[in-house]
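Notes follow the structure.
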Amino acid sequence: MTRSGRAVVVGASMGGLLAARVLADRFDEVVVVERDTLPATQQPRRGVPQGRHTHLLLGRGREVLEQHFPGFTSEVVDRGALVGDLTGRGRVFIRGGFLTSFDSGLDCVCASRPLLEQVVRERVMAMGNVRVLDGTDTLGLRAVADRVTGVRTRRRDAPDEQVLDADLVVGAAGRAAASVGWATELGYPAPTQEEIRVDITYVSRRYRRRPGDLQGDLFLAVTPEPPGVRAGAVLAQEDDLWIVTLIGYLGERPPEDADGFRRYAASLPTRAVADLLGDAEPVGEPAVAHFPASRRRRFERLATLPEGYLVVADAISSFNPVYGQGMSVAAEESLVLARALDEGLAGLPRRFYRAAATVVDMPWTIAASSDLRFPQVPGERSVQVRLLNAYIARLLTGARRDPVLARAFTLTNNLMAGPRSLLRPAIAARVMVGGSRR
Ligand SMILES: Cc1cc2nc3c(=O)[nH]c(=O)nc-3n(C[C@H](O)[C@H](O)[C@H](O)COP(=O)(O)OP(=O)(O)OC[C@H]3O[C@@H](n4cnc5c(N)ncnc54)[C@H](O)[C@@H]3O)c2cc1C
């Protein structure tokens, strides 16, 4: 592939790094501008506060990371992460019961979010033509006529504004409106946005991991069952730790102190998290995150877009984190970006946004329709959404015993198969039989 020109990426989190990965194959030089001073080892950082919370990498995300960085899973495991069968060593309590356990043949890698990001960052930096300007704020865009020609930046330790010229600027500054605002400051319209308000609070604590915990499983997810508003997740990670996240929906806030945390765990629809916490030793301080709403920005519907500028990942769509979709969607969008780039820079933003919208459709449908089961969540419940939810409820009842149904659900939930695959006649027949037996 011939490379030419310079691409600038704003944001060195998962979305920005994965974009940089594909840009590095197509540009002479890729400069990633990051506000934080990046740590040399894996540790949470200010610009990615969610790094202190459970981050599950879905099956599809891991597949794409392997494609971009061959040997990614083994490298993360060499640094202390754990790997195990997605359904053989991971348990999901959903709609009132556990999915049946079976060997899926699919790996799940269990690690802290900072470790995942560190390995991705090192692999991207090793490409040779990528450099990171950290400790540097992006202030806005530079444009000539209808084309973005660079970014305005300022080092955090210096007063002067700099301009960094670019043939393409990719905004990966996260879900806040900053990178969208940079285009509107130039006079371009803002995209319409859709929101599903869930008003979630995450409280996460780490505990020392002991042999025999969770009967040898590596993760556990407890999803809420409306009208219940409590949920939880447990994930093994490096350094012999568990990260345990308790989640409150719709304004509910789990306590941060160790005793209150245990009591909250005991109030979940299964005792599995409370049993794990029992007399487990807490490590470090709790972390809290609020997540008001899933948000999708409809860039693909804009009539006018500047050439030379596009945004990716959470800047397009950020999902209720309980579904664990963000990093995997960022990964999938990097593939879409690569394909759009192969057709040249002219018209790139429109091509990219159209293709990215089809990537976002599936996770958005999964998250939105599931959250709309809560009567308090504002939003239209179309006939399609109500039918889908009723069907999934029935499928999940069957999936407590039937590995074929559990597998079909797991593949969809891990973004490895579309929701339509759940409607295949072979699956629908089992849903009708298995789903009716309680
Ligand atoms: C509580 C929580 C839990 C989550 N759990 C999961 C999970 O289990 N699985 C999963 O796949 N996803 C999860 N996610 C989502 C996931 O973290 C994101 O989807 C993923 O990080 C991709 O986001 P991003 O790169 O677009 O933006 P972010 O991760 O928000 O990163 C934005 C980057 O841009 C930098 N930046 C911002 N503004 C500027 C500026 N002006 N100049 C320079 N740099 C700037 C920031 O410092 C940061 O590095 C979770 C999210 C939250 C909030």
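Letters for chains follow the order of the structure tokens (A, B, ...), residue numbers begin at 1 for each chain, and ligand numbers begin at 1 in the order shown.
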As a short mmCIF file (atom, residue, chain, number, x, y, z; two decimals) with N, CA and C atoms, in the first residue's frame, please: the residues near Leu56 of chain A (cut-off 9 Å, only C-alpha atoms, same-chain neighbours under 6 positions excluded).
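around.cif, freshly written:
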```cif
data_model
loop_
_atom_site.label_atom_id
_atom_site.label_comp_id
_atom_site.auth_asym_id
_atom_site.auth_seq_id
_atom_site.Cartn_x
_atom_site.Cartn_y
_atom_site.Cartn_z
N CYS A 108 -12.23 -15.44 26.01
CA CYS A 108 -12.52 -14.15 26.62
C CYS A 108 -11.25 -13.73 27.36
N VAL A 109 -10.79 -12.50 27.11
CA VAL A 109 -9.58 -12.05 27.79
C VAL A 109 -10.01 -11.10 28.91
N CYS A 110 -9.53 -11.41 30.12
CA CYS A 110 -9.95 -10.65 31.30
C CYS A 110 -8.76 -9.85 31.81
N ALA A 111 -8.90 -8.52 31.78
CA ALA A 111 -7.78 -7.64 32.14
C ALA A 111 -8.37 -6.31 32.56
N SER A 112 -7.52 -5.48 33.18
CA SER A 112 -7.98 -4.13 33.48
C SER A 112 -8.00 -3.34 32.17
N ARG A 113 -8.81 -2.31 32.15
CA ARG A 113 -8.87 -1.46 30.96
C ARG A 113 -7.51 -0.79 30.69
N PHE A 219 -15.40 -14.45 34.98
CA PHE A 219 -16.25 -13.26 35.07
C PHE A 219 -17.70 -13.66 35.32
N LEU A 235 -14.94 -9.20 37.29
CA LEU A 235 -14.01 -9.62 36.23
C LEU A 235 -12.64 -9.85 36.85
N TYR A 323 -23.53 -3.08 28.71
CA TYR A 323 -23.49 -4.02 27.57
C TYR A 323 -22.07 -4.24 27.05
N GLY A 324 -21.10 -3.49 27.56
CA GLY A 324 -19.69 -3.73 27.24
C GLY A 324 -19.36 -3.56 25.76
N GLN A 325 -20.00 -2.61 25.09
CA GLN A 325 -19.88 -2.55 23.62
C GLN A 325 -18.86 -1.55 23.08
N MET A 327 -15.62 -0.49 23.27
CA MET A 327 -14.31 -0.77 22.66
C MET A 327 -14.50 -1.61 21.39
#
```
Q. Taking the backbone alone, and naming residues the way the document does, which bits of segment 268-375 of chain A are helix (DSSP H, G or I) by DSSP, as a PyMOL selection string?
A. chain A and resi 272-277+299-301+313-315+321-323+326-341+348-371
For the selection you just gave me, I'd like the residues written to a file as a short mmCIF file (atom, residue, chain, number, x, y, z; two decimals), in the first residue's frame, keeping C-alpha atoms.
```cif
data_model
loop_
_atom_site.label_atom_id
_atom_site.label_comp_id
_atom_site.auth_asym_id
_atom_site.auth_seq_id
_atom_site.Cartn_x
_atom_site.Cartn_y
_atom_site.Cartn_z
CA ALA A 272 -23.16 -14.94 43.51
CA VAL A 273 -21.47 -11.52 43.88
CA ALA A 274 -22.20 -11.32 47.62
CA ASP A 275 -20.81 -14.84 48.10
CA LEU A 276 -17.59 -13.83 46.34
CA LEU A 277 -17.23 -10.69 48.44
CA PHE A 299 -23.58 12.31 11.26
CA GLU A 300 -24.69 10.18 8.31
CA ARG A 301 -27.83 12.35 8.01
CA ALA A 313 -16.00 5.76 18.46
CA ASP A 314 -17.73 7.37 21.47
CA ALA A 315 -17.98 10.68 19.63
CA PRO A 321 -21.69 0.52 29.57
CA VAL A 322 -23.41 -2.53 31.08
CA TYR A 323 -23.49 -4.02 27.57
CA GLY A 326 -17.78 0.64 23.33
CA MET A 327 -14.31 -0.77 22.66
CA SER A 328 -15.68 -3.37 20.23
CA VAL A 329 -17.64 -0.79 18.27
CA ALA A 330 -14.49 1.38 18.11
CA ALA A 331 -12.64 -1.67 16.76
CA GLU A 332 -15.31 -2.41 14.15
CA GLU A 333 -15.32 1.24 13.05
CA SER A 334 -11.56 1.09 12.50
CA LEU A 335 -12.16 -1.61 9.87
CA VAL A 336 -14.84 0.52 8.25
CA LEU A 337 -12.45 3.49 8.26
CA ALA A 338 -9.78 1.40 6.56
CA ARG A 339 -12.20 0.39 3.78
CA ALA A 340 -13.46 3.96 3.32
CA LEU A 341 -9.86 5.23 3.10
CA LEU A 348 -14.35 10.17 2.87
CA PRO A 349 -16.42 11.55 5.79
CA ARG A 350 -19.74 10.76 4.09
CA ARG A 351 -18.63 7.25 3.07
CA PHE A 352 -17.28 6.59 6.55
CA TYR A 353 -20.35 7.86 8.44
CA ARG A 354 -22.72 5.81 6.26
CA ALA A 355 -20.75 2.63 6.90
CA ALA A 356 -20.24 3.45 10.60
CA ALA A 357 -24.01 3.89 11.00
CA THR A 358 -24.54 0.28 9.95
CA VAL A 359 -21.89 -0.80 12.50
CA VAL A 360 -23.69 1.15 15.24
CA ASP A 361 -27.18 -0.13 14.35
CA MET A 362 -26.75 -3.55 15.98
CA PRO A 363 -25.26 -2.56 19.36
CA TRP A 364 -27.63 0.41 19.54
CA THR A 365 -30.66 -1.84 18.97
CA ILE A 366 -29.43 -4.29 21.60
CA ALA A 367 -28.77 -1.61 24.23
CA ALA A 368 -31.75 0.63 23.50
CA SER A 369 -34.38 -2.08 23.26
CA SER A 370 -33.13 -3.75 26.40
CA ASP A 371 -33.13 -0.46 28.36
#
```
Q: Please provide as a PyMOL selection string all residues within 10 Å of segment 38-47 of chain A, with the sequence filter that same-chain residues fewer than 4 positions apart are discarded (counting only C-alpha atoms).
A: chain A and resi 11-13+34+51-53+112-119+121-122+132-135+173-174
Writer output for current selection, N, CA and C atoms, as a PDB file, in the first residue's frame:
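Result file follows (out.pdb):
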```
ATOM      1  N   GLY A  11      -6.962  12.297  20.575  1.00  0.00           N
ATOM      2  CA  GLY A  11      -7.389  11.337  21.593  1.00  0.00           C
ATOM      3  C   GLY A  11      -6.644  10.028  21.447  1.00  0.00           C
ATOM      4  N   ALA A  12      -5.906   9.651  22.514  1.00  0.00           N
ATOM      5  CA  ALA A  12      -5.120   8.401  22.462  1.00  0.00           C
ATOM      6  C   ALA A  12      -5.754   7.326  23.333  1.00  0.00           C
ATOM      7  N   SER A  13      -7.093   7.274  23.321  1.00  0.00           N
ATOM      8  CA  SER A  13      -7.775   6.179  24.009  1.00  0.00           C
ATOM      9  C   SER A  13      -8.059   5.103  22.950  1.00  0.00           C
ATOM     10  N   GLU A  34      -2.846  14.011  22.423  1.00  0.00           N
ATOM     11  CA  GLU A  34      -3.555  13.565  23.631  1.00  0.00           C
ATOM     12  C   GLU A  34      -3.336  14.569  24.760  1.00  0.00           C
ATOM     13  N   GLY A  51     -11.598   3.935  33.052  1.00  0.00           N
ATOM     14  CA  GLY A  51     -10.566   2.900  33.174  1.00  0.00           C
ATOM     15  C   GLY A  51     -10.511   2.291  34.562  1.00  0.00           C
ATOM     16  N   ARG A  52     -11.141   2.927  35.546  1.00  0.00           N
ATOM     17  CA  ARG A  52     -11.155   2.366  36.907  1.00  0.00           C
ATOM     18  C   ARG A  52     -12.288   1.376  37.097  1.00  0.00           C
ATOM     19  N   HIS A  53     -13.059   1.136  36.041  1.00  0.00           N
ATOM     20  CA  HIS A  53     -14.232   0.258  36.164  1.00  0.00           C
ATOM     21  C   HIS A  53     -14.078  -0.975  35.271  1.00  0.00           C
ATOM     22  N   SER A 112      -7.522  -5.480  33.181  1.00  0.00           N
ATOM     23  CA  SER A 112      -7.980  -4.125  33.475  1.00  0.00           C
ATOM     24  C   SER A 112      -7.999  -3.344  32.168  1.00  0.00           C
ATOM     25  N   ARG A 113      -8.813  -2.310  32.153  1.00  0.00           N
ATOM     26  CA  ARG A 113      -8.867  -1.462  30.960  1.00  0.00           C
ATOM     27  C   ARG A 113      -7.509  -0.793  30.687  1.00  0.00           C
ATOM     28  N   PRO A 114      -6.797  -0.281  31.736  1.00  0.00           N
ATOM     29  CA  PRO A 114      -5.487   0.314  31.431  1.00  0.00           C
ATOM     30  C   PRO A 114      -4.520  -0.676  30.781  1.00  0.00           C
ATOM     31  N   LEU A 115      -4.572  -1.958  31.151  1.00  0.00           N
ATOM     32  CA  LEU A 115      -3.665  -2.927  30.517  1.00  0.00           C
ATOM     33  C   LEU A 115      -4.031  -3.110  29.039  1.00  0.00           C
ATOM     34  N   LEU A 116      -5.316  -3.246  28.763  1.00  0.00           N
ATOM     35  CA  LEU A 116      -5.728  -3.408  27.351  1.00  0.00           C
ATOM     36  C   LEU A 116      -5.238  -2.205  26.533  1.00  0.00           C
ATOM     37  N   GLU A 117      -5.454  -1.013  27.087  1.00  0.00           N
ATOM     38  CA  GLU A 117      -5.072   0.198  26.346  1.00  0.00           C
ATOM     39  C   GLU A 117      -3.555   0.313  26.188  1.00  0.00           C
ATOM     40  N   GLN A 118      -2.828  -0.081  27.236  1.00  0.00           N
ATOM     41  CA  GLN A 118      -1.365   0.008  27.194  1.00  0.00           C
ATOM     42  C   GLN A 118      -0.801  -0.872  26.071  1.00  0.00           C
ATOM     43  N   VAL A 119      -1.342  -2.101  25.984  1.00  0.00           N
ATOM     44  CA  VAL A 119      -0.822  -3.023  24.953  1.00  0.00           C
ATOM     45  C   VAL A 119      -1.168  -2.480  23.566  1.00  0.00           C
ATOM     46  N   ARG A 121      -1.638   0.631  22.769  1.00  0.00           N
ATOM     47  CA  ARG A 121      -0.812   1.820  22.521  1.00  0.00           C
ATOM     48  C   ARG A 121       0.607   1.432  22.110  1.00  0.00           C
ATOM     49  N   GLU A 122       1.181   0.461  22.826  1.00  0.00           N
ATOM     50  CA  GLU A 122       2.551   0.063  22.487  1.00  0.00           C
ATOM     51  C   GLU A 122       2.626  -0.541  21.082  1.00  0.00           C
ATOM     52  N   VAL A 132       3.064  10.204  19.325  1.00  0.00           N
ATOM     53  CA  VAL A 132       2.043  10.773  20.202  1.00  0.00           C
ATOM     54  C   VAL A 132       2.552  12.094  20.747  1.00  0.00           C
ATOM     55  N   LEU A 133       1.735  13.125  20.628  1.00  0.00           N
ATOM     56  CA  LEU A 133       2.009  14.404  21.285  1.00  0.00           C
ATOM     57  C   LEU A 133       1.142  14.417  22.527  1.00  0.00           C
ATOM     58  N   ASP A 134       1.684  13.957  23.656  1.00  0.00           N
ATOM     59  CA  ASP A 134       0.828  13.925  24.848  1.00  0.00           C
ATOM     60  C   ASP A 134       0.992  15.213  25.637  1.00  0.00           C
ATOM     61  N   GLY A 135       0.197  15.359  26.679  1.00  0.00           N
ATOM     62  CA  GLY A 135       0.203  16.607  27.435  1.00  0.00           C
ATOM     63  C   GLY A 135      -0.180  17.792  26.553  1.00  0.00           C
ATOM     64  N   ALA A 173     -12.088  12.137  20.663  1.00  0.00           N
ATOM     65  CA  ALA A 173     -11.959  12.780  21.979  1.00  0.00           C
ATOM     66  C   ALA A 173     -13.060  12.349  22.931  1.00  0.00           C
ATOM     67  N   GLY A 174     -13.811  11.307  22.575  1.00  0.00           N
ATOM     68  CA  GLY A 174     -14.785  10.757  23.514  1.00  0.00           C
ATOM     69  C   GLY A 174     -16.192  11.280  23.300  1.00  0.00           C
TER      70      GLY A 174
END
```
Q | Selected residue of minimal separation from Pro159 of chain A among A:Asp137, A:Glu238, A:Glu75, A:Asp402, counting only C-alpha atoms | A |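 Smallest distance to Pro159 of chain A is found for A:Asp137.
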**Q.** Option closest in space to ligand 1, from A:Ile247, A:Val404, A:Ala172, A:Val180 [counting only C-alpha atoms and all ligand atoms]
**A.** A:Ala172
Q: Would you mind telling me which residue in A:Arg271, A:Arg95, A:Arg400, A:Arg156 lies nearest to ligand 1 when using only C-alpha atoms and all ligand atoms?
A: A:Arg156
Q) Which residues come within 6 Å of Val169 of chain A, counting only C-alpha atoms, excluding same-chain residues fewer than 2 positions away, as a PyMOL selection string? A) chain A and resi 7-9+309
**Q.** Spatial neighbours of Met432 of chain A, 12 Å, only C-alpha atoms, chain gap at least 2 places, as a ChimeraX atom specification
**A.** /A:390-399,405,423,425-430,434-437
**Q.** Nearest-residue call for Thr87 of chain A, choices A:Thr270, A:Ser104, A:Gln237, A:Thr73, using only C-alpha atoms
**A.**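 Residue with the minimum atom-to-atom distance to Thr87 of chain A: A:Ser104.
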Q: Considering only C-alpha atoms and all ligand atoms, state which residue in the set A:Trp182, A:Phe409, A:Tyr264, A:Tyr188 is at the smallest distance from ligand 1.
A: A:Trp182
Q: Name all residues at most 8 Å from segment 414-417 of chain A (count only C-alpha atoms; drop same-chain ones fewer than 3 positions away) and give them as an NGL selection string.
A: :A and (58-60 or 362-363 or 410-411 or 421)
Residues from the last selection, N, CA and C atoms, saved as a PDB file, in the first residue's frame:
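File written: result17.pdb
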```pdb
ATOM      1  N   LEU A  58     -15.704  -7.587  24.377  1.00  0.00           N
ATOM      2  CA  LEU A  58     -16.595  -8.567  23.742  1.00  0.00           C
ATOM      3  C   LEU A  58     -15.826  -9.393  22.701  1.00  0.00           C
ATOM      4  N   GLY A  59     -16.422 -10.518  22.344  1.00  0.00           N
ATOM      5  CA  GLY A  59     -15.776 -11.430  21.397  1.00  0.00           C
ATOM      6  C   GLY A  59     -15.382 -10.747  20.099  1.00  0.00           C
ATOM      7  N   ARG A  60     -16.254  -9.911  19.562  1.00  0.00           N
ATOM      8  CA  ARG A  60     -15.948  -9.271  18.280  1.00  0.00           C
ATOM      9  C   ARG A  60     -14.782  -8.277  18.431  1.00  0.00           C
ATOM     10  N   MET A 362     -26.526  -2.323  15.187  1.00  0.00           N
ATOM     11  CA  MET A 362     -26.749  -3.547  15.977  1.00  0.00           C
ATOM     12  C   MET A 362     -26.557  -3.303  17.478  1.00  0.00           C
ATOM     13  N   PRO A 363     -25.391  -2.783  17.913  1.00  0.00           N
ATOM     14  CA  PRO A 363     -25.258  -2.557  19.355  1.00  0.00           C
ATOM     15  C   PRO A 363     -26.285  -1.566  19.899  1.00  0.00           C
ATOM     16  N   THR A 410     -25.271 -15.559  23.009  1.00  0.00           N
ATOM     17  CA  THR A 410     -23.904 -15.097  23.305  1.00  0.00           C
ATOM     18  C   THR A 410     -23.266 -14.474  22.064  1.00  0.00           C
ATOM     19  N   LEU A 411     -23.457 -15.097  20.915  1.00  0.00           N
ATOM     20  CA  LEU A 411     -22.848 -14.558  19.692  1.00  0.00           C
ATOM     21  C   LEU A 411     -23.413 -13.177  19.372  1.00  0.00           C
ATOM     22  N   SER A 421     -30.008 -13.323  13.430  1.00  0.00           N
ATOM     23  CA  SER A 421     -29.623 -14.736  13.565  1.00  0.00           C
ATOM     24  C   SER A 421     -30.455 -15.401  14.657  1.00  0.00           C
TER      25      SER A 421
END
```
Q: Tell me, as an NGL selection string, which residues lie within 10 Å of Leu164 of chain A, counting only C-alpha atoms; anything in the same chain fewer than 6 positions away does not count.
A: :A and (6-8 or 31 or 33 or 138 or 141-142 or 149-153)
Could you save the residues just selected, with N, CA and C atoms, as a PDB file, in the first residue's frame?
```
ATOM      1  N   ARG A   6      -0.055  13.351   5.956  1.00  0.00           N
ATOM      2  CA  ARG A   6      -0.082  13.237   7.417  1.00  0.00           C
ATOM      3  C   ARG A   6      -1.530  13.189   7.924  1.00  0.00           C
ATOM      4  N   ALA A   7      -1.777  12.265   8.836  1.00  0.00           N
ATOM      5  CA  ALA A   7      -3.078  12.227   9.510  1.00  0.00           C
ATOM      6  C   ALA A   7      -2.864  12.601  10.966  1.00  0.00           C
ATOM      7  N   VAL A   8      -3.814  13.351  11.513  1.00  0.00           N
ATOM      8  CA  VAL A   8      -3.779  13.697  12.931  1.00  0.00           C
ATOM      9  C   VAL A   8      -4.994  13.070  13.596  1.00  0.00           C
ATOM     10  N   VAL A  31       0.015  11.505  13.648  1.00  0.00           N
ATOM     11  CA  VAL A  31       0.310  12.178  14.923  1.00  0.00           C
ATOM     12  C   VAL A  31      -0.939  12.068  15.791  1.00  0.00           C
ATOM     13  N   VAL A  33      -2.708  13.348  19.075  1.00  0.00           N
ATOM     14  CA  VAL A  33      -2.636  14.444  20.051  1.00  0.00           C
ATOM     15  C   VAL A  33      -3.472  14.055  21.266  1.00  0.00           C
ATOM     16  N   THR A 138      -6.121  19.735  22.215  1.00  0.00           N
ATOM     17  CA  THR A 138      -6.589  20.217  20.917  1.00  0.00           C
ATOM     18  C   THR A 138      -7.631  21.287  21.199  1.00  0.00           C
ATOM     19  N   LEU A 141     -10.193  23.274  15.057  1.00  0.00           N
ATOM     20  CA  LEU A 141      -9.719  22.866  13.725  1.00  0.00           C
ATOM     21  C   LEU A 141      -9.236  24.078  12.956  1.00  0.00           C
ATOM     22  N   ARG A 142      -8.406  23.861  11.971  1.00  0.00           N
ATOM     23  CA  ARG A 142      -8.044  24.856  10.968  1.00  0.00           C
ATOM     24  C   ARG A 142      -8.700  24.429   9.664  1.00  0.00           C
ATOM     25  N   THR A 149      -7.826  21.537   7.411  1.00  0.00           N
ATOM     26  CA  THR A 149      -6.415  21.402   7.008  1.00  0.00           C
ATOM     27  C   THR A 149      -5.484  21.150   8.199  1.00  0.00           C
ATOM     28  N   GLY A 150      -6.060  21.062   9.398  1.00  0.00           N
ATOM     29  CA  GLY A 150      -5.200  20.795  10.558  1.00  0.00           C
ATOM     30  C   GLY A 150      -5.916  21.066  11.858  1.00  0.00           C
ATOM     31  N   VAL A 151      -5.163  20.992  12.952  1.00  0.00           N
ATOM     32  CA  VAL A 151      -5.743  21.244  14.272  1.00  0.00           C
ATOM     33  C   VAL A 151      -4.937  22.331  14.972  1.00  0.00           C
ATOM     34  N   ARG A 152      -5.624  23.038  15.866  1.00  0.00           N
ATOM     35  CA  ARG A 152      -4.968  24.024  16.724  1.00  0.00           C
ATOM     36  C   ARG A 152      -4.727  23.344  18.068  1.00  0.00           C
ATOM     37  N   THR A 153      -3.509  23.412  18.537  1.00  0.00           N
ATOM     38  CA  THR A 153      -3.179  22.706  19.777  1.00  0.00           C
ATOM     39  C   THR A 153      -2.446  23.633  20.743  1.00  0.00           C
TER      40      THR A 153
END
```
Q) When distances are computed from only C-alpha atoms, which of A:Glu256, A:Glu29, A:Glu66, A:Glu307 shows the smallest separation from Ala287 of chain A? A) A:Glu256
Q.
To one decimal place in Å, what is the distance between atom CA of Val83 of chain A and atom CA of Asp107 of chain A?
A. 6.4 Å
